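Data file: start_29.cif. Format and content: mmCIF, C-alpha atoms.
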data_run
#
loop_
_atom_site.group_PDB
_atom_site.id
_atom_site.type_symbol
_atom_site.label_atom_id
_atom_site.label_comp_id
_atom_site.auth_asym_id
_atom_site.auth_seq_id
_atom_site.Cartn_x
_atom_site.Cartn_y
_atom_site.Cartn_z
ATOM 1 C CA MET D 1 140.252 79.783 21.544
ATOM 2 C CA GLU D 2 136.585 79.312 20.685
ATOM 3 C CA ASN D 3 136.846 75.637 19.736
ATOM 4 C CA TYR D 4 133.180 75.326 18.790
ATOM 5 C CA ARG D 5 133.754 77.504 15.733
ATOM 6 C CA TYR D 6 135.911 74.861 14.049
ATOM 7 C CA LYS D 7 134.532 71.863 12.187
ATOM 8 C CA ILE D 8 136.774 68.776 12.199
ATOM 9 C CA LEU D 9 136.572 65.720 9.931
ATOM 10 C CA ILE D 10 137.914 62.352 11.137
ATOM 11 C CA VAL D 11 138.508 59.582 8.596
ATOM 12 C CA ASP D 12 139.349 56.129 10.001
ATOM 13 C CA ASP D 13 137.887 52.678 9.346
ATOM 14 C CA ASN D 14 137.997 51.745 13.033
ATOM 15 C CA THR D 15 134.533 52.685 14.316
ATOM 16 C CA GLU D 16 135.540 52.428 17.950
ATOM 17 C CA LEU D 17 138.529 54.708 17.439
ATOM 18 C CA VAL D 18 136.503 57.221 15.418
ATOM 19 C CA ASN D 19 133.940 57.434 18.200
ATOM 20 C CA LEU D 20 136.697 57.818 20.782
ATOM 21 C CA ILE D 21 138.396 60.654 18.874
ATOM 22 C CA ALA D 22 135.051 62.378 18.309
ATOM 23 C CA ALA D 23 134.293 62.145 22.031
ATOM 24 C CA ILE D 24 137.736 63.518 22.952
ATOM 25 C CA LEU D 25 137.377 66.494 20.624
ATOM 26 C CA LYS D 26 133.818 67.241 21.707
ATOM 27 C CA GLU D 27 134.925 67.131 25.328
ATOM 28 C CA ALA D 28 137.603 69.695 24.392
ATOM 29 C CA GLY D 29 134.932 72.023 22.992
ATOM 30 C CA TYR D 30 134.800 71.108 19.289
ATOM 31 C CA ARG D 31 131.051 70.820 18.869
ATOM 32 C CA GLU D 32 130.932 69.753 15.224
ATOM 33 C CA VAL D 33 133.011 66.622 14.589
ATOM 34 C CA LEU D 34 132.341 64.850 11.287
ATOM 35 C CA THR D 35 133.275 61.212 10.654
ATOM 36 C CA ALA D 36 133.931 58.921 7.697
ATOM 37 C CA ARG D 37 135.387 55.418 7.313
ATOM 38 C CA SER D 38 136.820 55.316 3.797
ATOM 39 C CA VAL D 39 138.408 57.484 1.111
ATOM 40 C CA LYS D 40 135.123 57.642 -0.797
ATOM 41 C CA GLU D 41 133.036 58.536 2.246
ATOM 42 C CA GLY D 42 135.692 60.977 3.463
ATOM 43 C CA LEU D 43 135.634 62.861 0.152
ATOM 44 C CA LYS D 44 131.841 62.970 0.176
ATOM 45 C CA VAL D 45 131.697 64.463 3.685
ATOM 46 C CA PHE D 46 134.579 66.801 2.850
ATOM 47 C CA HIS D 47 132.840 68.272 -0.216
ATOM 48 C CA GLU D 48 129.429 68.486 1.457
ATOM 49 C CA SER D 49 130.467 69.913 4.832
ATOM 50 C CA ARG D 50 133.669 71.877 4.142
ATOM 51 C CA PRO D 51 135.468 71.148 7.440
ATOM 52 C CA ASP D 52 138.112 73.472 8.883
ATOM 53 C CA MET D 53 140.520 70.589 9.570
ATOM 54 C CA ALA D 54 140.862 66.862 8.858
ATOM 55 C CA VAL D 55 142.391 63.984 10.827
ATOM 56 C CA LEU D 56 143.188 61.136 8.415
ATOM 57 C CA ASP D 57 144.166 57.541 9.079
ATOM 58 C CA ILE D 58 146.775 56.247 6.632
ATOM 59 C CA MET D 59 145.371 52.739 6.153
ATOM 60 C CA LEU D 60 141.832 52.848 4.702
ATOM 61 C CA PRO D 61 139.790 50.040 3.084
ATOM 62 C CA ASP D 62 139.602 51.638 -0.382
ATOM 63 C CA GLY D 63 142.971 53.372 -0.536
ATOM 64 C CA ASP D 64 145.035 55.344 1.927
ATOM 65 C CA GLY D 65 145.130 58.669 3.726
ATOM 66 C CA PHE D 66 147.784 59.965 1.364
ATOM 67 C CA LEU D 67 145.425 59.598 -1.620
ATOM 68 C CA LEU D 68 142.624 61.283 0.319
ATOM 69 C CA PHE D 69 145.009 64.069 1.342
ATOM 70 C CA THR D 70 146.020 64.676 -2.290
ATOM 71 C CA LYS D 71 142.399 64.882 -3.456
ATOM 72 C CA MET D 72 141.521 67.295 -0.635
ATOM 73 C CA ARG D 73 144.520 69.438 -1.450
ATOM 74 C CA GLU D 74 143.327 69.817 -5.050
ATOM 75 C CA VAL D 75 140.510 72.060 -3.849
ATOM 76 C CA SER D 76 141.391 73.177 -0.304
ATOM 77 C CA GLU D 77 144.252 74.198 1.968
ATOM 78 C CA ILE D 78 142.634 73.125 5.241
ATOM 79 C CA PRO D 79 145.113 71.787 7.808
ATOM 80 C CA ILE D 80 145.462 67.994 7.835
ATOM 81 C CA LEU D 81 146.860 65.736 10.541
ATOM 82 C CA PHE D 82 147.808 62.121 9.753
ATOM 83 C CA LEU D 83 146.926 59.331 12.164
ATOM 84 C CA SER D 84 148.606 55.943 11.875
ATOM 85 C CA ALA D 85 149.293 52.793 13.867
ATOM 86 C CA LYS D 86 152.710 52.521 12.249
ATOM 87 C CA ASP D 87 155.488 54.436 13.949
ATOM 88 C CA GLU D 88 157.672 54.479 10.865
ATOM 89 C CA ASP D 89 159.795 57.373 9.702
ATOM 90 C CA GLU D 90 158.949 56.639 6.049
ATOM 91 C CA ASP D 91 155.231 57.221 6.559
ATOM 92 C CA ARG D 92 155.799 60.257 8.747
ATOM 93 C CA LEU D 93 158.244 61.865 6.332
ATOM 94 C CA PHE D 94 156.109 60.987 3.305
ATOM 95 C CA GLY D 95 153.030 62.553 4.883
ATOM 96 C CA LEU D 96 154.880 65.661 5.952
ATOM 97 C CA GLY D 97 156.543 65.818 2.552
ATOM 98 C CA LEU D 98 153.127 65.949 0.911
ATOM 99 C CA GLY D 99 152.404 69.026 2.992
ATOM 100 C CA ALA D 100 150.587 67.597 6.018
ATOM 101 C CA ASP D 101 150.473 69.861 9.053
ATOM 102 C CA ASP D 102 151.214 67.190 11.657
ATOM 103 C CA TYR D 103 151.415 63.454 12.321
ATOM 104 C CA ILE D 104 150.369 61.454 15.380
ATOM 105 C CA THR D 105 150.887 57.759 16.061
ATOM 106 C CA LYS D 106 148.407 55.344 17.625
ATOM 107 C CA PRO D 107 148.102 54.715 20.492
ATOM 108 C CA PHE D 108 148.060 58.291 21.730
ATOM 109 C CA LEU D 109 147.052 60.163 24.852
ATOM 110 C CA PRO D 110 143.771 62.097 24.531
ATOM 111 C CA LYS D 111 145.482 65.286 25.712
ATOM 112 C CA GLU D 112 148.209 64.895 23.082
ATOM 113 C CA LEU D 113 145.615 64.708 20.314
ATOM 114 C CA VAL D 114 143.782 67.777 21.625
ATOM 115 C CA LEU D 115 147.018 69.763 21.948
ATOM 116 C CA ARG D 116 148.114 68.867 18.424
ATOM 117 C CA VAL D 117 144.734 69.741 16.904
ATOM 118 C CA HIS D 118 144.644 72.985 18.856
ATOM 119 C CA ALA D 119 148.189 73.914 17.780
ATOM 120 C CA VAL D 120 147.509 73.212 14.100
ATOM 121 C CA LEU D 121 144.321 75.281 14.098
ATOM 122 C CA LYS D 122 146.003 78.119 15.961
ATOM 123 C CA ARG D 123 148.927 78.153 13.527
ATOM 124 C CA THR D 124 146.769 77.869 10.414
ATOM 125 C CA TYR D 125 144.078 80.402 11.281
ATOM 126 C CA HIS D 126 146.352 82.751 13.255
ATOM 127 C CA ILE D 127 144.162 82.407 16.317
ATOM 128 C CA LYS D 128 144.956 84.671 19.227
ATOM 129 C CA GLU D 129 144.418 83.219 22.643
ATOM 130 C CA GLU D 130 141.775 85.044 24.586
ATOM 131 C CA LYS D 131 142.917 85.980 28.040
ATOM 132 C CA GLU D 132 140.676 87.056 30.822
ATOM 133 C CA GLU D 133 140.792 90.804 31.367
ATOM 134 C CA ALA D 134 142.344 91.819 34.686
ATOM 135 C CA VAL D 135 139.865 93.327 37.117
ATOM 136 C CA ILE D 136 140.429 95.288 40.332
ATOM 137 C CA ARG D 137 137.261 95.209 42.422
ATOM 138 C CA LEU D 138 135.933 97.874 44.747
ATOM 139 C CA GLY D 139 132.543 96.533 45.715
ATOM 140 C CA GLU D 140 130.279 96.860 42.689
ATOM 141 C CA HIS D 141 132.811 99.041 40.920
ATOM 142 C CA GLU D 142 135.472 97.364 38.789
ATOM 143 C CA VAL D 143 138.637 98.952 37.433
ATOM 144 C CA LEU D 144 139.956 97.409 34.211
ATOM 145 C CA PRO D 145 143.604 98.502 34.157
ATOM 146 C CA GLU D 146 144.327 97.272 30.626
ATOM 147 C CA ARG D 147 141.824 99.831 29.286
ATOM 148 C CA ALA D 148 141.914 102.364 32.127
ATOM 149 C CA VAL D 149 138.156 102.290 32.635
ATOM 150 C CA VAL D 150 135.780 101.888 35.564
ATOM 151 C CA ARG D 151 132.808 99.553 35.105
ATOM 152 C CA PHE D 152 129.693 99.909 37.249
ATOM 153 C CA LYS D 153 126.422 98.076 36.614
ATOM 154 C CA GLY D 154 127.317 97.464 32.982
ATOM 155 C CA GLU D 155 128.344 101.063 32.261
ATOM 156 C CA GLU D 156 131.953 102.085 31.679
ATOM 157 C CA ALA D 157 133.677 105.402 32.438
ATOM 158 C CA ALA D 158 137.175 106.233 31.239
ATOM 159 C CA LEU D 159 139.833 107.340 33.697
ATOM 160 C CA THR D 160 142.052 110.254 32.743
ATOM 161 C CA ALA D 161 145.799 109.622 32.609
ATOM 162 C CA LYS D 162 146.326 111.334 35.967
ATOM 163 C CA GLU D 163 143.375 109.562 37.617
ATOM 164 C CA PHE D 164 144.697 106.254 36.357
ATOM 165 C CA ALA D 165 148.232 106.967 37.619
ATOM 166 C CA LEU D 166 146.847 107.894 41.038
ATOM 167 C CA PHE D 167 144.648 104.820 41.254
ATOM 168 C CA MET D 168 147.421 102.431 40.232
ATOM 169 C CA LYS D 169 149.788 103.943 42.818
ATOM 170 C CA LEU D 170 147.136 103.511 45.513
ATOM 171 C CA ASN D 171 146.368 99.977 44.342
ATOM 172 C CA GLN D 172 150.037 98.988 44.417
ATOM 173 C CA ASN D 173 149.950 99.854 48.102
ATOM 174 C CA ARG D 174 146.395 98.762 48.782
ATOM 175 C CA GLY D 175 145.569 98.855 52.469
ATOM 176 C CA ARG D 176 148.533 101.122 53.246
ATOM 177 C CA ILE D 177 148.822 104.909 53.371
ATOM 178 C CA VAL D 178 150.422 106.500 50.332
ATOM 179 C CA THR D 179 151.856 109.925 51.126
ATOM 180 C CA PHE D 180 150.968 113.113 49.286
ATOM 181 C CA ASP D 181 154.548 113.298 48.002
ATOM 182 C CA ALA D 182 154.488 109.739 46.651
ATOM 183 C CA LEU D 183 151.186 110.312 44.857
ATOM 184 C CA CYS D 184 152.305 113.610 43.360
ATOM 185 C CA ASN D 185 155.547 112.008 42.227
ATOM 186 C CA ALA D 186 153.610 109.160 40.561
ATOM 187 C CA VAL D 187 151.623 111.692 38.507
ATOM 188 C CA TRP D 188 153.947 114.630 37.883
ATOM 189 C CA GLY D 189 157.380 113.089 38.392
ATOM 190 C CA ASP D 190 160.237 114.685 40.286
ATOM 191 C CA PHE D 191 158.993 118.223 39.663
ATOM 192 C CA TYR D 192 155.723 117.868 41.520
ATOM 193 C CA TYR D 193 156.109 120.724 43.994
ATOM 194 C CA GLY D 194 153.073 122.993 44.071
ATOM 195 C CA TYR D 195 150.679 120.311 42.810
ATOM 196 C CA GLU D 196 149.327 119.307 46.240
ATOM 197 C CA ASN D 197 146.062 121.207 45.766
ATOM 198 C CA THR D 198 145.674 119.821 42.246
ATOM 199 C CA LEU D 199 146.109 116.344 43.718
ATOM 200 C CA MET D 200 143.011 116.887 45.850
ATOM 201 C CA VAL D 201 140.996 117.774 42.748
ATOM 202 C CA HIS D 202 142.035 114.581 40.958
ATOM 203 C CA ILE D 203 141.283 112.481 44.038
ATOM 204 C CA ARG D 204 137.805 114.001 44.164
ATOM 205 C CA HIS D 205 137.215 113.168 40.493
ATOM 206 C CA LEU D 206 138.492 109.640 41.095
ATOM 207 C CA ARG D 207 136.101 109.222 44.000
ATOM 208 C CA GLU D 208 133.221 110.369 41.802
ATOM 209 C CA LYS D 209 133.928 107.410 39.534
ATOM 210 C CA LEU D 210 134.648 104.827 42.227
ATOM 211 C CA GLU D 211 132.455 105.668 45.199
ATOM 212 C CA ASP D 212 128.730 105.247 45.734
ATOM 213 C CA ASP D 213 128.831 108.470 47.758
ATOM 214 C CA PRO D 214 131.946 110.536 46.919
ATOM 215 C CA SER D 215 131.291 112.843 49.902
ATOM 216 C CA HIS D 216 131.477 109.859 52.254
ATOM 217 C CA PRO D 217 134.070 107.598 50.617
ATOM 218 C CA LYS D 218 134.592 104.039 51.747
ATOM 219 C CA TRP D 219 137.340 103.067 49.313
ATOM 220 C CA ILE D 220 139.714 106.016 48.940
ATOM 221 C CA LEU D 221 140.171 107.242 52.481
ATOM 222 C CA THR D 222 142.036 110.336 53.627
ATOM 223 C CA ALA D 223 144.839 109.920 56.151
ATOM 224 C CA ARG D 224 144.873 113.465 57.560
ATOM 225 C CA GLY D 225 148.176 115.193 57.143
ATOM 226 C CA LEU D 226 149.721 112.141 55.462
ATOM 227 C CA GLY D 227 148.027 111.065 52.247
ATOM 228 C CA TYR D 228 145.416 108.578 51.075
ATOM 229 C CA ARG D 229 144.717 104.861 51.430
ATOM 230 C CA LEU D 230 142.824 102.496 49.142
ATOM 231 C CA MET D 231 140.834 100.095 51.268
ATOM 232 C CA LYS D 232 141.021 96.380 50.659
ATOM 233 C CA GLU D 233 137.852 94.638 49.566
ATOM 234 C CA GLN D 234 136.032 93.021 52.431
ATOM 235 C CA LEU D 235 135.670 89.271 51.902
#
Whole structure given in structure tokens:
Amino acid sequence: MENYRYKILIVDDNTELVNLIAAILKEAGYREVLTARSVKEGLKVFHESRPDMAVLDIMLPDGDGFLLFTKMREVSEIPILFLSAKDEDEDRLFGLGLGADDYITKPFLPKELVLRVHAVLKRTYHIKEEKEEAVIRLGEHEVLPERAVVRFKGEEAALTAKEFALFMKLNQNRGRIVTFDALCNAVWGDFYYGYENTLMVHIRHLREKLEDDPSHPKWILTARGLGYRLMKEQL
């Protein structure tokens, strides 16, 4: 999740705690953390800055977090997490009954706060976790199996269905010989007889996309009379 995109407001009259929470969230990647120390100041910052989420202490010098929550809810549906030193079911249930998104009790572990904030934002804004795309490396060439493309020096070339099936079969057995029969079966299924010559054509096209010099391959090697072998990357 791109944490820096989300603006978080913290309202608590304890300056030391506010600074600590701000530091924890910034360390977790939330670049814009707003702070306030009262209901009045919290409302002012809320209306001026339009945060994406608020963390509210219950006990404030000019009221309480419940009042601030109600006033925020009159104009916005941003997620709100209550923060309190009192571990009492009444406060927790009252806050959740008002429609709060979560509740955390002081003292808390920094990681717990980050996880709760992250979970609330993810749930509210339907954030999808970004996962790193799988990459199979052959020197400067990269195969991205999730999209069936080859990337080389910033340019991408799509693999055909048969080229992709051949490559994945070779990669599953990387470093070992894969027989002609096994490769044909991976592409054409049980009824692959007669496709041996066609296999050679697809291997040539695959080499054109994966090799610096397809006529002198260094990745997809021929095992004469047996099949082909995908070389392991040299470390």
re atom CA of Lys44 of chain D and atom CA of Arg123 of chain D: distance 26.5 Å
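Of note, atom CA of Asp62 of chain D and atom CA of Asn14 of chain D are spaced 13.5 Å apart.
Compared by their closest atoms to Ile24 of chain D, and using only C-alpha atoms, the residues D:Lys232, D:Lys111, D:Arg207, D:Arg37 rank with D:Lys111 nearest.
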Give me, as a PyMOL selection string, all polymer residues having an atom no more than 7 Å from Gly175 of chain D, counting all atoms listed in the file and skipping those fewer than 5 positions away in the same chain. chain D and resi 229-232
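We find atom CA of Lys106 of chain D and atom CA of Ala85 of chain D to be spaced 4.6 Å apart.
Shortest separation to Leu17 of chain D among D:Glu32, D:Glu41, D:Asp57, D:Asp52 occurs at residue D:Asp57, atoms counted being only C-alpha atoms.
The residue that comes closest to His141 of chain D, out of D:Val45, D:Val201, D:Leu210, D:Val33 and on the basis of all atoms listed in the file, is D:Leu210.
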Smallest atom-to-atom distance to Tyr228 of chain D: which of D:Glu74, D:Glu16, D:Asp181, D:Glu27, using only C-alpha atoms? D:Asp181
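Every residue that the PyMOL selection byres ((chain D and resi 158-174) around 7) selects in this file is listed here: Ala148, Val149, Val150, Glu156, Ala157, Gly175, Arg176, Val178, Leu183, Ala186, Val187, His202, Leu206, Arg229, Leu230, Met231 and Lys232 of chain D.
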Can you tell me, as a PyMOL selection string, which residues sit within 7 Å of (147.6, 58.4, 5.0) in the file's frame, using all atoms listed in the file? chain D and resi 56-59+64-66+82+95
So which one's closest to Leu68 of chain D, D:Leu138, D:Ala100, D:Leu43, D:Ala23? Using only C-alpha atoms, please. D:Leu43
When the PyMOL selection byres ((chain D and resi 153) around 8) is applied to the file above, which residues end up in the set, as a VMD selection string? chain D and resid 140 to 141 151 to 152 154 to 155
Generate the missing atoms of segment 4-16 of chain D up to N, CA and C atoms and report them as a short mmCIF file (atom, residue, chain, number, x, y, z; two decimals), in the coordinates of the input.
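Saved to part-v9.cif:
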data_model
loop_
_atom_site.label_atom_id
_atom_site.label_comp_id
_atom_site.auth_asym_id
_atom_site.auth_seq_id
_atom_site.Cartn_x
_atom_site.Cartn_y
_atom_site.Cartn_z
N TYR D 4 134.43 75.70 19.44
CA TYR D 4 133.18 75.33 18.79
C TYR D 4 133.05 75.91 17.38
N ARG D 5 133.84 76.88 17.05
CA ARG D 5 133.75 77.50 15.73
C ARG D 5 134.35 76.62 14.65
N TYR D 6 135.16 75.64 15.03
CA TYR D 6 135.91 74.86 14.05
C TYR D 6 135.31 73.47 13.85
N LYS D 7 135.13 73.13 12.58
CA LYS D 7 134.53 71.86 12.19
C LYS D 7 135.66 70.90 11.79
N ILE D 8 135.68 69.72 12.42
CA ILE D 8 136.77 68.78 12.20
C ILE D 8 136.25 67.47 11.61
N LEU D 9 136.92 66.99 10.58
CA LEU D 9 136.57 65.72 9.93
C LEU D 9 137.58 64.64 10.34
N ILE D 10 137.07 63.50 10.78
CA ILE D 10 137.91 62.35 11.14
C ILE D 10 137.63 61.23 10.15
N VAL D 11 138.68 60.69 9.53
CA VAL D 11 138.51 59.58 8.60
C VAL D 11 139.36 58.40 9.08
N ASP D 12 138.68 57.33 9.51
CA ASP D 12 139.35 56.13 10.00
C ASP D 12 138.35 54.99 9.90
N ASP D 13 138.82 53.80 9.51
CA ASP D 13 137.89 52.68 9.35
C ASP D 13 137.60 51.94 10.65
N ASN D 14 138.24 52.35 11.72
CA ASN D 14 138.00 51.74 13.03
C ASN D 14 136.89 52.53 13.74
N THR D 15 135.68 51.98 13.75
CA THR D 15 134.53 52.68 14.32
C THR D 15 134.74 53.06 15.77
N GLU D 16 135.31 52.16 16.53
CA GLU D 16 135.54 52.43 17.95
C GLU D 16 136.50 53.59 18.14
#
